[in-house]
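Structure first, then comments.
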Amino acid sequence: MSGAGSAASVRRDPKRPAAPVPLPPVPNPGFGDMVRFFLRARKNLISAFDESVYREAFIRRKAFGSDIWIVSEPEAIKRVLLDNFANYPKGIQQQRRLTPALGEGLLTSEGESWRWQRRTTAPAFQHKRVVGFAPAMVAAANDLLARWDSEGTAERDIAAETMQLTFDVLSRTVFGSDARTDAKRMGAAFELYFDTAGRLDIAGMLNLPDWVPTLGRLRARPALRYFQSEIGRIVRDRRALIARDPAAAPDDLLTMLLTAEDPEGGRPMDERQVIDNALTFIGAGHETTANALNWVFYLLAAYPWAEERVVDEIGRVLNGRAPGAEDVGKLTYTRQVLDEALRLYPPAPFMGRVALAADELGGEKLKAGTQVLVSPWVLHRHHMLWDEPELFDPERFAPGRKETIHRFAYLPFGGGPRICIGMAFAVQEAMLLLVTILQRYRLTVREGFTVGPNATITLRPEGGLPMRVERRH
Ligand code: HEM
């Protein structure tokens, strides 16, 4: 282990990783303050928060006739996400933005429909299955590196590269290798979608109905049309193959969806549900994991002592060979860095809920209809919960210390019954991709480029992530 990476030197590293400086608090916000907040929030939601959000357990505001609470008290979050979760379905904003593309899949459905889909899709994400996807994950990373080797370009937009890479992993694991999907086109369609309809829009905030064509919605239409026709074609082809020759069907998530039966009722999914869930896995698993990788690469470039320790560990554990699922648990420091990156830059920075009935949170009455925001971005930087929250310190997640963190203070994958179904998949994927890339390449941010986080549905590096990539040997 390199001495430069000792816990003592980590704690003293005063350099703050990129984040917007919180605004000074506005004691009694008026209408003008609200409009300013929404204009700022539309560009980048995390730049609209003032300091009080990071210091108080509850922020209770009224905006455009709705009560909005930002909840950052772990026990109250536990009540919203777990103990009384049936009272807190997902917020209108979130549904409004995701439902047009992802339909009534697992991420966007509610009530009985959600419960049934969760039961039916859960076996596809069991440990044994996830481990079986490791070779596809490593193969996707190797293909990326083969392209880097052959093109020899010294600088790349890592945000675009990771997006393509995680899309490739999902194409291989959701559709198998027979899908013939145009990865670039599909990736671009998702990007356009998140960039347009995915943005927090004022029409959404004012609860205008979906048929009101905002600019974002109009620009997203070609992407939506493309998703539906492309995934529809793949699903129909696969269904026909399974009917003809079940043994010939690839062992991937799509076959699992088409053959899955509700363990309680035996009912399979219909075509619409299969399409919606295939889109959901790609929509929920592609950009999130790409951003997790982006933020690790950025942090390692900003903190060379951590990079040195990670590379050291990879060398020690793997000795130059390709990683497998069984190595993930052995790469403890690399995992600490990933955990800390997910704390500082949670790829899914907001979880919105709406209270169906009145409730009590933090000793105060909350009215039915209140919008409740649980924000991993805010929570992970909260002064009540973390020591020097803005500092990069992977030691927070060292074995023995990680277990002392309140279960509802650290939520990169959410919590309660709606916790990310792809969590084990995502952690294994992120680790295998990182390790495979770091074994061969060293990445440093382009000189003079300022990295900064931008939050829409996911938390991305604003303006991309131009990095120099150099072969290690
Ligand atoms: C680093 C990567 C990822 C992060 C940070 C992440 C984060 C999250 C979070 C925070 C939620 C809960 C949302 C809420 O409660 O409002 C969620 C749900 C979900 N995620 Fe992930 N996710 C990641 C990767 C994946 C992957 C790889 C897949 C699938 C292949 C996936 C599929 C889903 C699905 C289907 C849901 C909805 C579950 C339900 O409502 O029952 N995610 N994710």
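Here's how to read the names in the structure tokens: chain A, B, ... by the order shown, residue numbers from 1 in each chain, ligand numbers from 1 in the order shown.
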
Residues near Leu344 (chain A), cut-off 8 Å, only C-alpha atoms, skip fewer than 6 positions along chain, as a list in words: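 Near Leu344 (chain A), the qualifying residues are Trp377, His380, Arg381, Glu390 and Phe392 of chain A.
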
Selection: 12 Å around Arg115 (chain A), only C-alpha atoms, excl. self and same-chain fewer than 2 positions, as a ChimeraX atom specification: /A:86,105-113,117-122,262-264,417-418

Atomic distance CA of Glu340 (chain A) - CA of Tyr410 (chain A), expressed in Å with one decimal: 10.2 Å

Two-atom distance - CA of Phe167 (chain A), CA of Arg42 (chain A) (Å): 26.4 Å

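Comparing A:Ala188, A:Val311, A:Ile234, A:Leu373 by their smallest distance to ligand 1, the closest is A:Leu373 (using only C-alpha atoms and all ligand atoms).
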
Selected residue of minimal separation from ligand 1 among A:Ile158, A:Val451, A:Val354, A:Ala139, counting only C-alpha atoms and all ligand atoms: A:Val354

Backbone-only DSSP, helix (DSSP H, G or I) members of region 337-456 of chain A, as a PyMOL selection string: chain A and resi 337-344+376-379+394-397+402-404+416-418+423-440

Who sits within 10 Å of Met431 (chain A), only C-alpha atoms, same chain under 6 positions skipped, as a ChimeraX atom specification: /A:137-138,293,323-325,327-329,331,334-335,338

Only all heavy atoms, please: the residues just picked out, written as a short mmCIF file (atom, residue, chain, number, x, y, z; two decimals), in the first residue's frame.
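Contents of out_2.cif, as written:
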```cif
data_model
loop_
_atom_site.label_atom_id
_atom_site.label_comp_id
_atom_site.auth_asym_id
_atom_site.auth_seq_id
_atom_site.Cartn_x
_atom_site.Cartn_y
_atom_site.Cartn_z
N MET A 137 -19.82 -7.92 -19.14
CA MET A 137 -19.39 -6.59 -18.69
C MET A 137 -17.91 -6.37 -19.05
O MET A 137 -17.53 -5.34 -19.60
CB MET A 137 -19.61 -6.46 -17.18
CG MET A 137 -21.09 -6.45 -16.79
SD MET A 137 -21.36 -6.66 -15.01
CE MET A 137 -23.15 -6.45 -14.90
N VAL A 138 -17.09 -7.36 -18.73
CA VAL A 138 -15.65 -7.23 -19.01
C VAL A 138 -15.41 -7.18 -20.53
O VAL A 138 -14.59 -6.40 -21.02
CB VAL A 138 -14.86 -8.39 -18.35
CG1 VAL A 138 -13.40 -8.35 -18.74
CG2 VAL A 138 -15.01 -8.32 -16.83
N LEU A 293 -19.30 6.07 -13.13
CA LEU A 293 -17.93 5.92 -13.64
C LEU A 293 -17.29 7.29 -13.87
O LEU A 293 -16.14 7.52 -13.50
CB LEU A 293 -17.92 5.15 -14.96
CG LEU A 293 -18.44 3.72 -14.94
CD1 LEU A 293 -18.43 3.13 -16.35
CD2 LEU A 293 -17.57 2.85 -14.04
N PRO A 323 -10.38 -9.07 -14.58
CA PRO A 323 -11.16 -9.30 -13.37
C PRO A 323 -12.37 -10.17 -13.63
O PRO A 323 -12.89 -10.22 -14.75
CB PRO A 323 -11.61 -7.90 -12.96
CG PRO A 323 -11.70 -7.15 -14.26
CD PRO A 323 -10.63 -7.72 -15.15
N GLY A 324 -12.86 -10.84 -12.60
CA GLY A 324 -14.11 -11.60 -12.66
C GLY A 324 -14.98 -11.19 -11.48
O GLY A 324 -14.53 -10.44 -10.61
N ALA A 325 -16.21 -11.70 -11.46
CA ALA A 325 -17.14 -11.31 -10.38
C ALA A 325 -16.54 -11.62 -9.01
O ALA A 325 -16.76 -10.88 -8.04
CB ALA A 325 -18.45 -12.07 -10.56
N ASP A 327 -13.63 -11.26 -7.95
CA ASP A 327 -12.62 -10.31 -7.49
C ASP A 327 -13.23 -9.06 -6.86
O ASP A 327 -12.54 -8.32 -6.16
CB ASP A 327 -11.74 -9.87 -8.68
CG ASP A 327 -10.98 -11.04 -9.26
OD1 ASP A 327 -10.35 -11.77 -8.47
OD2 ASP A 327 -11.04 -11.23 -10.49
N VAL A 328 -14.50 -8.80 -7.17
CA VAL A 328 -15.10 -7.53 -6.74
C VAL A 328 -14.97 -7.34 -5.24
O VAL A 328 -14.57 -6.27 -4.77
CB VAL A 328 -16.57 -7.44 -7.22
CG1 VAL A 328 -17.28 -6.26 -6.60
CG2 VAL A 328 -16.61 -7.36 -8.76
N GLY A 329 -15.26 -8.38 -4.46
CA GLY A 329 -15.20 -8.27 -2.99
C GLY A 329 -13.78 -8.09 -2.46
O GLY A 329 -13.60 -7.67 -1.32
N LEU A 331 -11.47 -6.13 -3.88
CA LEU A 331 -10.94 -4.81 -4.23
C LEU A 331 -11.54 -3.76 -3.27
O LEU A 331 -12.32 -2.90 -3.66
CB LEU A 331 -11.28 -4.50 -5.70
CG LEU A 331 -10.59 -5.44 -6.70
CD1 LEU A 331 -11.35 -5.51 -8.01
CD2 LEU A 331 -9.14 -4.98 -6.94
N THR A 334 -10.84 0.14 -3.81
CA THR A 334 -11.52 0.60 -5.03
C THR A 334 -13.01 0.76 -4.73
O THR A 334 -13.65 1.73 -5.15
CB THR A 334 -11.29 -0.42 -6.18
OG1 THR A 334 -9.89 -0.68 -6.25
CG2 THR A 334 -11.79 0.10 -7.51
N ARG A 335 -13.56 -0.19 -3.97
CA ARG A 335 -14.98 -0.11 -3.60
C ARG A 335 -15.24 1.12 -2.71
O ARG A 335 -16.27 1.80 -2.85
CB ARG A 335 -15.39 -1.40 -2.91
CG ARG A 335 -16.81 -1.43 -2.41
CD ARG A 335 -17.80 -1.32 -3.57
NE ARG A 335 -19.14 -0.98 -3.12
CZ ARG A 335 -20.09 -1.87 -2.80
NH1 ARG A 335 -19.85 -3.15 -2.92
NH2 ARG A 335 -21.26 -1.46 -2.40
N LEU A 338 -15.50 4.04 -4.94
CA LEU A 338 -16.79 4.04 -5.63
C LEU A 338 -17.89 4.53 -4.67
O LEU A 338 -18.72 5.37 -5.03
CB LEU A 338 -17.11 2.64 -6.16
CG LEU A 338 -18.50 2.45 -6.78
CD1 LEU A 338 -18.67 3.32 -8.04
CD2 LEU A 338 -18.75 0.98 -7.14
#
```

I want to know what sits within 10 Å of Gly315 (chain A), based on only C-alpha atoms, with residues of the same chain fewer than 5 positions away left out; could you give that as a PDB file with N, CA and C atoms, in the first residue's frame?
```pdb
ATOM      1  N   ARG A 309      -3.384   4.434  -4.894  1.00  0.00           N
ATOM      2  CA  ARG A 309      -3.804   3.314  -4.040  1.00  0.00           C
ATOM      3  C   ARG A 309      -4.709   2.334  -4.776  1.00  0.00           C
ATOM      4  N   VAL A 310      -5.588   2.874  -5.624  1.00  0.00           N
ATOM      5  CA  VAL A 310      -6.490   2.008  -6.392  1.00  0.00           C
ATOM      6  C   VAL A 310      -5.681   1.151  -7.365  1.00  0.00           C
ATOM      7  N   GLY A 320      -2.363  -8.382 -13.218  1.00  0.00           N
ATOM      8  CA  GLY A 320      -2.396  -8.234 -14.678  1.00  0.00           C
ATOM      9  C   GLY A 320      -3.484  -9.022 -15.389  1.00  0.00           C
ATOM     10  N   ARG A 321      -4.162  -9.937 -14.682  1.00  0.00           N
ATOM     11  CA  ARG A 321      -5.191 -10.717 -15.395  1.00  0.00           C
ATOM     12  C   ARG A 321      -6.519  -9.944 -15.402  1.00  0.00           C
ATOM     13  N   VAL A 435     -12.049  -1.254 -13.155  1.00  0.00           N
ATOM     14  CA  VAL A 435     -10.813  -2.002 -12.995  1.00  0.00           C
ATOM     15  C   VAL A 435     -10.201  -2.308 -14.364  1.00  0.00           C
ATOM     16  N   GLN A 439      -6.618  -0.645 -15.330  1.00  0.00           N
ATOM     17  CA  GLN A 439      -5.475  -1.543 -15.536  1.00  0.00           C
ATOM     18  C   GLN A 439      -4.645  -1.079 -16.728  1.00  0.00           C
TER      19      GLN A 439
END
```

Closest of A:Asp149, A:Asp245, A:Glu161, A:Asp252 to ligand 1 - atom-to-atom distances counting only C-alpha atoms and all ligand atoms: A:Asp252

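Here atom 31 (C, counted along the ligand's line) of ligand 1 stands at a distance of 23.7 Å from CA of Val71 (chain A).
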
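Distances here use only C-alpha atoms; by that measure, the residue among A:Arg396, A:His286, A:His406, A:Arg460 closest to Tyr345 (chain A) is A:Arg460.
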
Long-range neighbours of Ile242 (chain A) as a VMD selection string, 9 Å cut-off, only C-alpha atoms, 4 positions minimum in chain: chain A and resid 237 to 238 246 to 249 255 258 to 259

12 Å contact set for Phe37 (chain A), only C-alpha atoms, chain neighbours under 3 positions out, as a VMD selection string: chain A and resid 23 25 to 26 29 to 34 40 to 50 63 202

For the residues selected in the previous step, produce a file with N, CA, C and O atoms as an mmCIF file, in the first residue's frame.
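In the end it all went to out-v5.cif:
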```
data_model
loop_
_atom_site.group_PDB
_atom_site.id
_atom_site.type_symbol
_atom_site.label_atom_id
_atom_site.label_comp_id
_atom_site.auth_asym_id
_atom_site.auth_seq_id
_atom_site.Cartn_x
_atom_site.Cartn_y
_atom_site.Cartn_z
ATOM 1 N N LEU A 23 -26.345 29.021 -2.255
ATOM 2 C CA LEU A 23 -26.725 30.428 -2.160
ATOM 3 C C LEU A 23 -26.977 30.788 -0.695
ATOM 4 O O LEU A 23 -27.290 29.901 0.110
ATOM 5 N N PRO A 25 -29.264 31.855 2.361
ATOM 6 C CA PRO A 25 -30.697 31.567 2.530
ATOM 7 C C PRO A 25 -31.573 32.810 2.365
ATOM 8 O O PRO A 25 -31.136 33.916 2.676
ATOM 9 N N VAL A 26 -32.806 32.621 1.844
ATOM 10 C CA VAL A 26 -33.777 33.722 1.732
ATOM 11 C C VAL A 26 -34.815 33.474 2.839
ATOM 12 O O VAL A 26 -35.552 32.486 2.768
ATOM 13 N N PRO A 29 -39.229 33.743 1.424
ATOM 14 C CA PRO A 29 -39.235 33.862 -0.038
ATOM 15 C C PRO A 29 -40.586 34.319 -0.587
ATOM 16 O O PRO A 29 -41.630 33.813 -0.181
ATOM 17 N N GLY A 30 -40.565 35.309 -1.480
ATOM 18 C CA GLY A 30 -41.788 35.801 -2.119
ATOM 19 C C GLY A 30 -41.920 35.175 -3.503
ATOM 20 O O GLY A 30 -41.110 34.314 -3.892
ATOM 21 N N PHE A 31 -42.912 35.641 -4.289
ATOM 22 C CA PHE A 31 -43.177 35.071 -5.606
ATOM 23 C C PHE A 31 -41.943 35.202 -6.520
ATOM 24 O O PHE A 31 -41.549 34.263 -7.202
ATOM 25 N N GLY A 32 -41.306 36.399 -6.482
ATOM 26 C CA GLY A 32 -40.120 36.640 -7.328
ATOM 27 C C GLY A 32 -39.007 35.650 -7.000
ATOM 28 O O GLY A 32 -38.344 35.130 -7.899
ATOM 29 N N ASP A 33 -38.831 35.369 -5.689
ATOM 30 C CA ASP A 33 -37.776 34.416 -5.287
ATOM 31 C C ASP A 33 -38.085 33.029 -5.837
ATOM 32 O O ASP A 33 -37.193 32.298 -6.267
ATOM 33 N N MET A 34 -39.387 32.678 -5.806
ATOM 34 C CA MET A 34 -39.800 31.363 -6.317
ATOM 35 C C MET A 34 -39.496 31.247 -7.809
ATOM 36 O O MET A 34 -38.965 30.238 -8.277
ATOM 37 N N ARG A 40 -33.477 28.929 -12.067
ATOM 38 C CA ARG A 40 -32.171 28.328 -11.762
ATOM 39 C C ARG A 40 -32.272 26.807 -11.761
ATOM 40 O O ARG A 40 -31.428 26.104 -12.318
ATOM 41 N N ALA A 41 -33.361 26.298 -11.121
ATOM 42 C CA ALA A 41 -33.546 24.846 -10.972
ATOM 43 C C ALA A 41 -33.660 24.186 -12.336
ATOM 44 O O ALA A 41 -33.205 23.065 -12.541
ATOM 45 N N ARG A 42 -34.272 24.883 -13.272
ATOM 46 C CA ARG A 42 -34.461 24.308 -14.599
ATOM 47 C C ARG A 42 -33.123 24.038 -15.284
ATOM 48 O O ARG A 42 -32.943 23.045 -15.956
ATOM 49 N N LYS A 43 -32.178 24.952 -15.045
ATOM 50 C CA LYS A 43 -30.838 24.757 -15.641
ATOM 51 C C LYS A 43 -30.060 23.689 -14.884
ATOM 52 O O LYS A 43 -29.359 22.882 -15.467
ATOM 53 N N ASN A 44 -30.146 23.739 -13.557
ATOM 54 C CA ASN A 44 -29.361 22.829 -12.734
ATOM 55 C C ASN A 44 -29.933 22.854 -11.324
ATOM 56 O O ASN A 44 -29.666 23.785 -10.562
ATOM 57 N N LEU A 45 -30.708 21.847 -10.987
ATOM 58 C CA LEU A 45 -31.471 21.897 -9.733
ATOM 59 C C LEU A 45 -30.578 22.092 -8.512
ATOM 60 O O LEU A 45 -30.932 22.822 -7.587
ATOM 61 N N ILE A 46 -29.403 21.475 -8.518
ATOM 62 C CA ILE A 46 -28.570 21.567 -7.310
ATOM 63 C C ILE A 46 -27.964 22.958 -7.113
ATOM 64 O O ILE A 46 -27.528 23.287 -6.031
ATOM 65 N N SER A 47 -27.969 23.774 -8.177
ATOM 66 C CA SER A 47 -27.408 25.123 -8.009
ATOM 67 C C SER A 47 -28.459 26.068 -7.427
ATOM 68 O O SER A 47 -28.169 27.212 -7.115
ATOM 69 N N ALA A 48 -29.715 25.589 -7.289
ATOM 70 C CA ALA A 48 -30.787 26.467 -6.800
ATOM 71 C C ALA A 48 -30.954 26.376 -5.276
ATOM 72 O O ALA A 48 -31.658 27.182 -4.686
ATOM 73 N N PHE A 49 -30.297 25.379 -4.641
ATOM 74 C CA PHE A 49 -30.476 25.220 -3.191
ATOM 75 C C PHE A 49 -29.659 26.238 -2.416
ATOM 76 O O PHE A 49 -28.529 26.543 -2.778
ATOM 77 N N ASP A 50 -30.254 26.723 -1.312
ATOM 78 C CA ASP A 50 -29.462 27.606 -0.455
ATOM 79 C C ASP A 50 -28.851 26.789 0.689
ATOM 80 O O ASP A 50 -29.149 25.607 0.861
ATOM 81 N N ALA A 63 -45.011 26.374 -2.797
ATOM 82 C CA ALA A 63 -44.676 26.904 -4.117
ATOM 83 C C ALA A 63 -45.815 26.621 -5.063
ATOM 84 O O ALA A 63 -46.227 25.466 -5.204
ATOM 85 N N ILE A 202 -41.278 24.002 -16.408
ATOM 86 C CA ILE A 202 -42.216 24.821 -15.654
ATOM 87 C C ILE A 202 -43.637 24.294 -15.875
ATOM 88 O O ILE A 202 -44.442 24.280 -14.952
#
```
